[in-house]
Amino acid sequence: MQKTTFKKIQYPLFFLIWTLVSLYLFLIFVPIPNSLGTDLELSWQYAISRAAVDKLIFGKDIIFTYGPLGYLVHGAALEQNFITVTKFRFIVYFILFVAVSLKIAKLKTKLQKLAIFSSWLLLVSINISLTYQNISTGYQILFIFLIILSIVDNLPIKLTRWCAVSLGAFAGFCLLTKFTLGIATAGSLCLLFLGNFFDSIKKNSNYLINLFALLDSLLAAISVSFILLSPDFYISNLYKILVCLVVSGTSGLLAWFNQLKLDRKVVLKAGEKITSSRNLISKSRIRTASWYVFYIIYCSGLVVTIFSSYPSLIDYLKHSLDVASSYSSAMSLVGSKRELILAVSEIALISILLVLVAKQGSLGFTLALFLCLFLAFKHGFVRHSVNHVVIFSWCTLIVVSLCLPKVRGVRIQKFSYLLYFYVLVIAFIFWIPLGTSSPRSVTPDMAIKNLTYLFNPSSLHSSIQANSNNNLAVEKLPTSMTSIVENKKVDIVPWEISLVAANNLNWKPRPIFQSYSAYTTTLDNLNFKSLSAEPRDYIFYDFSAIDGRHPFFDEPRTFAYIFCNYKLNSYLPKSSQQNKFSYPTNLLLLEKLFSSGCSPSVSTSKTSTVRWNNSQHIEASDRSIILAKVKFTYSLFGKIYKSLFRSPPVTMQVTYADGSK
């Protein structure tokens with residue numbers, strides 16, 4: 001009797017403590033929008049928000065890894081979109097908190113609950129680092145999506161297709177925020193239904209429903225991304241999709257009625273007695289045929305609509321894919337071997353766990369989790385830095401955490417629990433360097449401050465605006481320079497777009513607005529065509545590059561055009577600046593020439609091939625430009641290595657005429 005009474009007292013007390021701790025952590029990690037700043041990352045955050053405000057066309061005017069809705073998850077909170085950005089990020093944060101709470105409530109064991117809770121806590125705690133403020137919003141969306149997938153995997157078959165359409169639409173939205181987030185969500189959803197389709201074939205039941213669910217999710221994702229591609233075309237694109245749905249739906253219904261009439265005639269002519277079982281088979285066949293008609297007509301209408309509409313969804317997807325796929329070849333950064341070895345060991349062990357879970361009837365869900373794990377590994381170790389590795393470590397936690405409830409068998413459960421502790425320990429190892437950065441306060445004062453912001457957004461706005469003005473003060477240009485470019489079209493090379501915000505410039509960006517992102521010849525040519533077709537009046541140029549690159553190696557054809565068609569107007573030496581810039585170089589103001597300053601021979605197409613490690617050389621005469629393309633060929637193993645991991649970074653030594661290198 002005493003034990004029962006003790007349990008009755010203990011449980012409410014534990015629940016109360018758990019609730020208070022959860023609410024406190026919830027307030028501590030409330031996402032606060034970034035202030036505007038002067039480094040490379042804050043510059044592109046400003047750029048994608050500014051592009052959305054100016055209603056530039058993504059895929060044409062702007063080409064980046066983020067889309068027209070990217071400012072919601074990782075853009076700067078500007079005057080025009082502050083409320084929208086702040087509300088969106090808080091709603092995502094709140095939905096994740098609710099989803100995690102509901103997931104924890106449904107789990108059976110304390111360890112399973114702890115695993116999900118630790119995954120949530122590590123993800124939202126990224127926001128305590130100034131370097132990583134709000135970068136977790138996209139991953140919070142992915143976390144919500146994966147939790148929903150874990151629920152969908154166990155839903156009644158009748159709800160499968162409704163979930164497919166809803167989650168497909170959600171994936172289409174994600175595709176317009178961050179391209180890789182769209183790939184992760186849409187790809188995971190497709191793999192879920194594809195795996196379920198193969199499982200149902202083995203069981204010989206419901207395989208058509210899973211096949212249709214796969215098609216539903218794909219069509220919903222493409223349709224929604226087409227509708228939301230540009231705010232100026234929302235209504236017209238919605239009408240086009242509705243027309244396609246009405247036409248294809250009507251055709252499907254007509255096919256259903258026609259097939260039903262034919263089936264009845266055949267039965268009556270044969271003089272058969274219609275039984276209930278034959279009726280069910282007949283209705284199922286008729287329903288399937290009508291869906292085939294619907295899909296054929298809707299897909300045809302959707303393809304014609306997309307290819308004939310402006311702005312072009314095809315251009316957006318193609319160019320975003322070009323940037324994303326080239327990232328692993330152009331942005332290689334080698335980090336700690338110890339971290340890489342630990343990460344590979346995690347992938348190997350998690351892969352074993354996923355295979356075991358797949359054998360127990362969850363093939364689709366494990367394929368979805370493996371895709372997210374692979375993408376996180378690529379993102380974390382192509383550009384091997386602390387900021388990227390911590391995201392991979394979080395992904396390992398969430399994959400193992402979501403697998404734990406699906407594991408059956410004592411031995412497999414022991415293995416999965418040991419694996420969870422293993423990835424948790426490695427996560428802390430990876431996150432230790434992150435804790436040494438400038439953190440946000442995690443004291444009760446911070447919780448109270450965030451609570452005040454929730455009920456008084458104007459105070460938050462004022463605080464962020466003040467911080468932004470203070471940060472941008474270092475990039476205020478002298479009046480002698482700003483008066484020259486006033487109301488003139490300007491561009492920024494290579495990447496300090498914060499100059500635009502600090503000086504209220506009339507910014508006309510190149511499509512790939514930061515030079516280092518013009519990874520391929522195709523991307524470089526897009527920038528060249530933009531500049532040559534609509535020359536900017538002035539260009540702010542800084543002779544600098546990231547990762548120790550030579551500045552001329554970024555967007556070479558574009559720079560060749562600038563070299564020939566612009567002259568120096570003025571410059572701002574660092575030694576005479578009233579406000580020192582964040583980068584230790586000189587800022588040049590280039591002015592458009594009336595005619596090209598290069599000799600005609602520069603534009604003459606002359607090509608010469610020089611083999612690597614050959615004594616042959618090419619001399620450059622005065623006022624001439626040589627564009628060199630270094631070509632590497634990969635073996636079969638090299639191609640696989642590059643696809644699964646990264647391209648090894650290449651170093652080239654350039655020797656100038658004066659002997660400097």
# chains A, B, ... in the order shown; residues from 1 in each chain; ligands from 1
call {"tool": "residues_around", "arguments": {"residues": "A:Glu346", "least_positions_apart": "3", "cutoff": "8 Å", "atoms": "only C-alpha atoms", "output": "list in words"}}
result
Leu342, Ala343, Leu349, Ile350, Thr396 and Val423 of chain A
call {"tool": "write_last_selection", "arguments": {"atoms": "all heavy atoms", "output": "CSV table (one decimal), in the first residue's frame"}}
result
chain,number,residue,atom,x,y,z
A,342,LEU,N,36.1,8.6,-37.1
A,342,LEU,CA,35.0,8.4,-36.2
A,342,LEU,C,33.7,8.4,-37.0
A,342,LEU,O,32.7,7.6,-36.8
A,342,LEU,CB,34.9,9.4,-35.1
A,342,LEU,CG,36.0,9.3,-34.0
A,342,LEU,CD1,36.0,10.5,-33.1
A,342,LEU,CD2,35.9,8.0,-33.2
A,343,ALA,N,33.6,9.3,-38.0
A,343,ALA,CA,32.3,9.5,-38.8
A,343,ALA,C,32.1,8.2,-39.6
A,343,ALA,O,31.0,7.7,-39.8
A,343,ALA,CB,32.4,10.7,-39.7
A,349,LEU,N,28.4,1.3,-38.6
A,349,LEU,CA,27.6,0.7,-37.6
A,349,LEU,C,26.1,1.1,-37.8
A,349,LEU,O,25.2,0.2,-37.6
A,349,LEU,CB,28.0,1.2,-36.2
A,349,LEU,CG,29.4,0.7,-35.8
A,349,LEU,CD1,29.9,1.4,-34.5
A,349,LEU,CD2,29.4,-0.8,-35.6
A,350,ILE,N,25.8,2.3,-38.1
A,350,ILE,CA,24.4,2.7,-38.4
A,350,ILE,C,23.8,1.9,-39.6
A,350,ILE,O,22.7,1.6,-39.6
A,350,ILE,CB,24.3,4.2,-38.6
A,350,ILE,CG1,24.6,4.9,-37.3
A,350,ILE,CG2,22.9,4.6,-39.0
A,350,ILE,CD1,24.7,6.4,-37.4
A,396,THR,N,23.3,11.7,-37.0
A,396,THR,CA,23.5,10.3,-36.6
A,396,THR,C,22.7,10.0,-35.4
A,396,THR,O,22.1,8.9,-35.2
A,396,THR,CB,25.0,10.1,-36.2
A,396,THR,OG1,25.4,11.0,-35.2
A,396,THR,CG2,25.9,10.2,-37.4
A,423,VAL,N,27.2,7.0,-30.6
A,423,VAL,CA,27.1,8.2,-31.4
A,423,VAL,C,26.9,9.5,-30.5
A,423,VAL,O,27.2,10.6,-30.9
A,423,VAL,CB,25.9,8.1,-32.4
A,423,VAL,CG1,26.2,7.0,-33.4
A,423,VAL,CG2,24.6,7.9,-31.7
call {"tool": "residues_around", "arguments": {"residues": "A:Pro231", "least_positions_apart": "5", "cutoff": "12 Å", "atoms": "only C-alpha atoms", "output": "ChimeraX atom specification"}}
result
/A:52-58,68-69,176,225-226,236-238,311
call {"tool": "write_last_selection", "arguments": {"atoms": "all heavy atoms", "output": "compact mmCIF listing (two decimals), in the first residue's frame"}}
result
# COMPACT_ATOMS: atom_id res chain seq x y z
N ALA A 52 14.72 38.39 -52.44
CA ALA A 52 13.28 38.10 -52.28
C ALA A 52 12.47 39.38 -52.17
O ALA A 52 11.38 39.49 -52.75
CB ALA A 52 13.07 37.23 -51.04
N VAL A 53 13.00 40.37 -51.45
CA VAL A 53 12.30 41.66 -51.31
C VAL A 53 12.19 42.36 -52.66
O VAL A 53 11.16 42.93 -53.01
CB VAL A 53 13.03 42.56 -50.29
CG1 VAL A 53 12.50 43.99 -50.34
CG2 VAL A 53 12.87 41.99 -48.89
N ASP A 54 13.27 42.30 -53.45
CA ASP A 54 13.29 42.94 -54.77
C ASP A 54 12.58 42.10 -55.84
O ASP A 54 12.53 42.50 -57.01
CB ASP A 54 14.74 43.19 -55.21
CG ASP A 54 15.42 44.25 -54.36
OD1 ASP A 54 14.70 44.97 -53.63
OD2 ASP A 54 16.66 44.35 -54.42
N LYS A 55 12.07 40.93 -55.44
CA LYS A 55 11.32 40.03 -56.33
C LYS A 55 12.15 39.61 -57.54
O LYS A 55 11.66 39.56 -58.68
CB LYS A 55 10.00 40.68 -56.78
CG LYS A 55 9.05 40.93 -55.62
CD LYS A 55 7.71 41.47 -56.09
CE LYS A 55 6.76 41.69 -54.92
NZ LYS A 55 5.45 42.20 -55.35
N LEU A 56 13.42 39.31 -57.29
CA LEU A 56 14.27 38.76 -58.35
C LEU A 56 13.87 37.31 -58.60
O LEU A 56 13.40 36.61 -57.70
CB LEU A 56 15.74 38.86 -57.96
CG LEU A 56 16.28 40.27 -57.69
CD1 LEU A 56 17.77 40.21 -57.35
CD2 LEU A 56 16.05 41.18 -58.88
N ILE A 57 14.08 36.86 -59.83
CA ILE A 57 13.69 35.51 -60.21
C ILE A 57 14.83 34.55 -59.88
O ILE A 57 15.93 34.66 -60.41
CB ILE A 57 13.37 35.44 -61.72
CG1 ILE A 57 12.26 36.42 -62.07
CG2 ILE A 57 12.98 34.02 -62.11
CD1 ILE A 57 10.96 36.16 -61.37
N PHE A 58 14.55 33.60 -58.99
CA PHE A 58 15.56 32.59 -58.65
C PHE A 58 15.64 31.57 -59.78
O PHE A 58 14.62 31.08 -60.26
CB PHE A 58 15.20 31.91 -57.33
CG PHE A 58 15.56 32.74 -56.12
CD1 PHE A 58 14.81 33.84 -55.76
CD2 PHE A 58 16.69 32.41 -55.37
CE1 PHE A 58 15.15 34.60 -54.65
CE2 PHE A 58 17.03 33.16 -54.27
CZ PHE A 58 16.27 34.27 -53.90
N PRO A 68 13.69 30.94 -53.58
CA PRO A 68 12.93 32.16 -53.32
C PRO A 68 12.34 32.22 -51.91
O PRO A 68 12.01 33.30 -51.43
CB PRO A 68 11.81 32.11 -54.38
CG PRO A 68 11.74 30.69 -54.81
CD PRO A 68 13.12 30.15 -54.69
N LEU A 69 12.20 31.09 -51.24
CA LEU A 69 11.72 31.07 -49.85
C LEU A 69 12.85 30.80 -48.87
O LEU A 69 12.60 30.58 -47.68
CB LEU A 69 10.61 30.01 -49.69
CG LEU A 69 9.38 30.18 -50.59
CD1 LEU A 69 8.39 29.05 -50.36
CD2 LEU A 69 8.71 31.53 -50.34
N LEU A 176 11.94 24.98 -52.33
CA LEU A 176 12.11 26.40 -52.62
C LEU A 176 12.75 27.16 -51.47
O LEU A 176 12.95 28.37 -51.56
CB LEU A 176 10.75 27.03 -52.95
CG LEU A 176 10.03 26.46 -54.17
CD1 LEU A 176 8.72 27.19 -54.40
CD2 LEU A 176 10.90 26.54 -55.42
N SER A 225 5.93 23.33 -55.76
CA SER A 225 7.12 24.14 -56.06
C SER A 225 6.89 25.02 -57.28
O SER A 225 7.37 26.15 -57.34
CB SER A 225 8.35 23.23 -56.26
OG SER A 225 8.13 22.31 -57.32
N PHE A 226 6.11 24.53 -58.25
CA PHE A 226 5.78 25.34 -59.42
C PHE A 226 4.89 26.52 -59.03
O PHE A 226 5.10 27.65 -59.48
CB PHE A 226 5.07 24.47 -60.47
CG PHE A 226 4.48 25.25 -61.62
CD1 PHE A 226 5.30 25.82 -62.57
CD2 PHE A 226 3.11 25.42 -61.72
CE1 PHE A 226 4.76 26.55 -63.63
CE2 PHE A 226 2.57 26.14 -62.77
CZ PHE A 226 3.40 26.71 -63.73
N SER A 236 -1.67 32.89 -60.94
CA SER A 236 -1.75 32.32 -62.29
C SER A 236 -1.26 30.88 -62.31
O SER A 236 -1.85 30.02 -62.98
CB SER A 236 -0.93 33.17 -63.27
OG SER A 236 0.44 33.18 -62.91
N ASN A 237 -0.19 30.57 -61.56
CA ASN A 237 0.31 29.19 -61.51
C ASN A 237 -0.68 28.27 -60.81
O ASN A 237 -0.85 27.11 -61.20
CB ASN A 237 1.66 29.15 -60.79
CG ASN A 237 2.78 29.73 -61.64
OD1 ASN A 237 2.59 30.01 -62.81
ND2 ASN A 237 3.94 29.92 -61.04
N LEU A 238 -1.36 28.81 -59.78
CA LEU A 238 -2.37 28.01 -59.09
C LEU A 238 -3.52 27.67 -60.03
O LEU A 238 -4.01 26.53 -60.05
CB LEU A 238 -2.89 28.78 -57.87
CG LEU A 238 -4.00 28.10 -57.06
CD1 LEU A 238 -3.53 26.76 -56.51
CD2 LEU A 238 -4.47 29.01 -55.92
N PRO A 311 8.14 32.42 -64.49
CA PRO A 311 9.54 31.99 -64.50
C PRO A 311 9.65 30.47 -64.60
O PRO A 311 8.70 29.75 -64.32
CB PRO A 311 10.07 32.50 -63.16
CG PRO A 311 8.87 32.60 -62.29
CD PRO A 311 7.73 32.97 -63.17
call {"tool": "atom_distance", "arguments": {"atom1": "atom CA of A:Ala169", "atom2": "atom CA of A:Ile297"}}
result
19.7 Å
call {"tool": "closest_residue", "arguments": {"among": "A:Ile227, A:Gly138, A:Leu340, A:Lys240", "to": "A:Val304", "atoms": "only C-alpha atoms"}}
result
A:Lys240
call {"tool": "closest_residue", "arguments": {"among": "A:Ile83, A:Ser101, A:Leu254, A:Arg549", "to": "A:Thr19", "atoms": "only C-alpha atoms"}}
result
A:Ser101
call {"tool": "residues_around", "arguments": {"residues": "A:Thr84", "least_positions_apart": "5", "cutoff": "10 Å", "atoms": "only C-alpha atoms", "output": "PyMOL selection string"}}
result
chain A and resi 71-72+77-78+89
call {"tool": "residues_around", "arguments": {"residues": "A:Leu593", "least_positions_apart": "2", "cutoff": "7 Å", "atoms": "only C-alpha atoms", "output": "PyMOL selection string"}}
result
chain A and resi 565-567+591+595-596
call {"tool": "closest_residue", "arguments": {"among": "A:Ala105, A:Ile147, A:Val442, A:Leu404", "to": "A:Ser125", "atoms": "only C-alpha atoms"}}
result
A:Val442
call {"tool": "residues_around", "arguments": {"residues": "A:Gln514", "least_positions_apart": "4", "cutoff": "7 Å", "atoms": "only C-alpha atoms", "output": "list of chain:residue names"}}
result
A:Val493, A:Pro494, A:Trp495
call {"tool": "write_last_selection", "arguments": {"atoms": "N, CA and C atoms", "output": "PDB file, in the first residue's frame"}}
result
ATOM      1  N   VAL A 493      32.176  42.583 -56.110  1.00  0.00           N
ATOM      2  CA  VAL A 493      33.054  41.448 -56.405  1.00  0.00           C
ATOM      3  C   VAL A 493      34.180  41.455 -55.370  1.00  0.00           C
ATOM      4  N   PRO A 494      34.458  40.361 -54.670  1.00  0.00           N
ATOM      5  CA  PRO A 494      33.920  39.024 -54.917  1.00  0.00           C
ATOM      6  C   PRO A 494      32.690  38.639 -54.100  1.00  0.00           C
ATOM      7  N   TRP A 495      32.560  39.114 -52.802  1.00  0.00           N
ATOM      8  CA  TRP A 495      31.459  38.565 -52.021  1.00  0.00           C
ATOM      9  C   TRP A 495      30.891  39.467 -50.928  1.00  0.00           C
TER      10      TRP A 495
END
call {"tool": "residues_around", "arguments": {"residues": "stretch 376-390 of chain A", "least_positions_apart": "5", "cutoff": "8 Å", "atoms": "only C-alpha atoms", "output": "list in words"}}
result
Tyr132, Ser328, Met331, Ser332, Leu333, Val334, Gly335, Ser336, Leu340, Ala343, Cys395, Ala427, Phe430, Trp431, Pro433, Leu434, Leu644, Phe645, Arg646 and Ser647 of chain A
call {"tool": "write_last_selection", "arguments": {"atoms": "N, CA and C atoms", "output": "PDB file, in the first residue's frame"}}
result
ATOM      1  N   TYR A 132      26.333  30.081 -35.446  1.00  0.00           N
ATOM      2  CA  TYR A 132      25.314  29.178 -35.970  1.00  0.00           C
ATOM      3  C   TYR A 132      23.887  29.642 -35.720  1.00  0.00           C
ATOM      4  N   SER A 328      30.737  19.859 -54.050  1.00  0.00           N
ATOM      5  CA  SER A 328      31.631  18.807 -53.555  1.00  0.00           C
ATOM      6  C   SER A 328      32.932  18.737 -54.334  1.00  0.00           C
ATOM      7  N   MET A 331      34.682  22.931 -53.272  1.00  0.00           N
ATOM      8  CA  MET A 331      34.789  23.492 -51.920  1.00  0.00           C
ATOM      9  C   MET A 331      35.445  22.533 -50.938  1.00  0.00           C
ATOM     10  N   SER A 332      36.314  21.650 -51.433  1.00  0.00           N
ATOM     11  CA  SER A 332      36.967  20.682 -50.565  1.00  0.00           C
ATOM     12  C   SER A 332      37.805  21.374 -49.500  1.00  0.00           C
ATOM     13  N   LEU A 333      37.642  20.914 -48.284  1.00  0.00           N
ATOM     14  CA  LEU A 333      38.441  21.417 -47.172  1.00  0.00           C
ATOM     15  C   LEU A 333      38.750  20.229 -46.275  1.00  0.00           C
ATOM     16  N   VAL A 334      40.023  19.936 -46.093  1.00  0.00           N
ATOM     17  CA  VAL A 334      40.447  18.766 -45.329  1.00  0.00           C
ATOM     18  C   VAL A 334      40.543  19.121 -43.853  1.00  0.00           C
ATOM     19  N   GLY A 335      39.950  18.288 -43.018  1.00  0.00           N
ATOM     20  CA  GLY A 335      39.975  18.517 -41.576  1.00  0.00           C
ATOM     21  C   GLY A 335      40.656  17.387 -40.843  1.00  0.00           C
ATOM     22  N   SER A 336      40.250  17.189 -39.608  1.00  0.00           N
ATOM     23  CA  SER A 336      40.868  16.193 -38.733  1.00  0.00           C
ATOM     24  C   SER A 336      40.619  14.770 -39.234  1.00  0.00           C
ATOM     25  N   LEU A 340      37.156  12.182 -39.171  1.00  0.00           N
ATOM     26  CA  LEU A 340      36.708  11.420 -40.343  1.00  0.00           C
ATOM     27  C   LEU A 340      36.609   9.934 -40.026  1.00  0.00           C
ATOM     28  N   ALA A 343      33.558   9.334 -37.973  1.00  0.00           N
ATOM     29  CA  ALA A 343      32.344   9.462 -38.782  1.00  0.00           C
ATOM     30  C   ALA A 343      32.119   8.219 -39.637  1.00  0.00           C
ATOM     31  N   CYS A 395      22.699  14.389 -37.036  1.00  0.00           N
ATOM     32  CA  CYS A 395      21.952  13.494 -37.921  1.00  0.00           C
ATOM     33  C   CYS A 395      22.127  12.037 -37.501  1.00  0.00           C
ATOM     34  N   ALA A 427      29.170  12.672 -30.644  1.00  0.00           N
ATOM     35  CA  ALA A 427      28.543  13.980 -30.840  1.00  0.00           C
ATOM     36  C   ALA A 427      29.126  15.006 -29.882  1.00  0.00           C
ATOM     37  N   PHE A 430      32.556  16.013 -31.085  1.00  0.00           N
ATOM     38  CA  PHE A 430      32.487  16.942 -32.208  1.00  0.00           C
ATOM     39  C   PHE A 430      32.038  18.336 -31.768  1.00  0.00           C
ATOM     40  N   TRP A 431      31.191  18.393 -30.742  1.00  0.00           N
ATOM     41  CA  TRP A 431      30.585  19.660 -30.343  1.00  0.00           C
ATOM     42  C   TRP A 431      31.439  20.461 -29.360  1.00  0.00           C
ATOM     43  N   PRO A 433      34.484  21.830 -29.695  1.00  0.00           N
ATOM     44  CA  PRO A 433      35.015  23.090 -30.256  1.00  0.00           C
ATOM     45  C   PRO A 433      33.936  24.156 -30.450  1.00  0.00           C
ATOM     46  N   LEU A 434      32.695  23.718 -30.724  1.00  0.00           N
ATOM     47  CA  LEU A 434      31.610  24.681 -30.911  1.00  0.00           C
ATOM     48  C   LEU A 434      31.319  25.439 -29.624  1.00  0.00           C
ATOM     49  N   LEU A 644      30.907   9.631 -53.541  1.00  0.00           N
ATOM     50  CA  LEU A 644      30.555   9.248 -52.180  1.00  0.00           C
ATOM     51  C   LEU A 644      31.176  10.165 -51.137  1.00  0.00           C
ATOM     52  N   PHE A 645      32.304  10.805 -51.490  1.00  0.00           N
ATOM     53  CA  PHE A 645      32.999  11.604 -50.494  1.00  0.00           C
ATOM     54  C   PHE A 645      33.262  13.004 -51.028  1.00  0.00           C
ATOM     55  N   ARG A 646      34.445  13.269 -51.561  1.00  0.00           N
ATOM     56  CA  ARG A 646      34.789  14.597 -52.064  1.00  0.00           C
ATOM     57  C   ARG A 646      35.962  14.494 -53.021  1.00  0.00           C
ATOM     58  N   SER A 647      36.175  15.550 -53.782  1.00  0.00           N
ATOM     59  CA  SER A 647      37.361  15.645 -54.637  1.00  0.00           C
ATOM     60  C   SER A 647      38.525  16.145 -53.798  1.00  0.00           C
TER      61      SER A 647
END
